[in-house]
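Below: one structure, written as structure tokens.
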Amino acid sequence: MWRLGLSTSVVTGVLMLGYVLLRPQWQDALYHTPLASALFAKDGRLLDVHIASDEQWRLPSTDNELPTRYQLALLAFEDQRFFAHPGIDPLALLRAIGQNLRHGEIRSGASTLPMQVARLLRQ
């Protein structure tokens, strides 16, 4: 039992150290990601668009551009406990591990919206 506690402490320490060391890179990717630019006419017609410097079509947006129904659907299908976990959902991890072990293959994942955003930032 002591060995399990020590292993858990070591893993937790390594994860925390990794977070502290990599956090500036994550923040840089999140806040300094190049955006594409678009020029619109007064009536809303798209006049011109230029790809971002990293050759991605990433246009700026604000939260109020997404309809409430879309936000609710996204949370319902992708991360039901979004407001109840710190970015990693331990209940989803246990569920996915159980299903995958029971079926002998990957049947379920446990990624949360923050995990998906982090993955997309690294692409």
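Every chain in the structure tokens takes a letter, A first, then B, and so on in the order presented; its residues are numbered from 1, and the ligands are numbered from 1 following the presented order.
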Item to check | Shell of 12 Å around range 83-89 of chain A, only C-alpha atoms, local chain residues under 4 positions omitted, as a VMD selection string | outcome: chain A and resid 75 to 76 78 to 79 93 to 96 109 to 118
Output C-alpha atoms of each residue in that selection to a file, as a CSV table (one decimal), in the first residue's frame.
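Saved the output as out.csv:
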chain,number,residue,atom,x,y,z
A,75,LEU,CA,-21.5,20.6,-23.5
A,76,ALA,CA,-24.2,17.9,-23.6
A,78,GLU,CA,-18.7,16.5,-25.5
A,79,ASP,CA,-18.3,17.3,-21.8
A,93,LEU,CA,-11.6,8.3,-17.1
A,94,LEU,CA,-12.9,5.5,-14.9
A,95,ARG,CA,-15.8,4.9,-17.2
A,96,ALA,CA,-13.6,4.8,-20.3
A,109,GLY,CA,-12.5,8.1,-24.6
A,110,ALA,CA,-12.5,10.5,-21.7
A,111,SER,CA,-11.3,13.8,-23.3
A,112,THR,CA,-12.8,17.0,-21.9
A,113,LEU,CA,-13.3,20.2,-23.8
A,114,PRO,CA,-10.1,21.8,-22.2
A,115,MET,CA,-8.2,18.6,-23.3
A,116,GLN,CA,-9.5,19.0,-26.9
A,117,VAL,CA,-8.6,22.7,-27.0
A,118,ALA,CA,-5.1,21.9,-25.8
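Taking CA of Arg69 in chain A as the reference point, CA of Leu39 in chain A is found at 28.1 Å.
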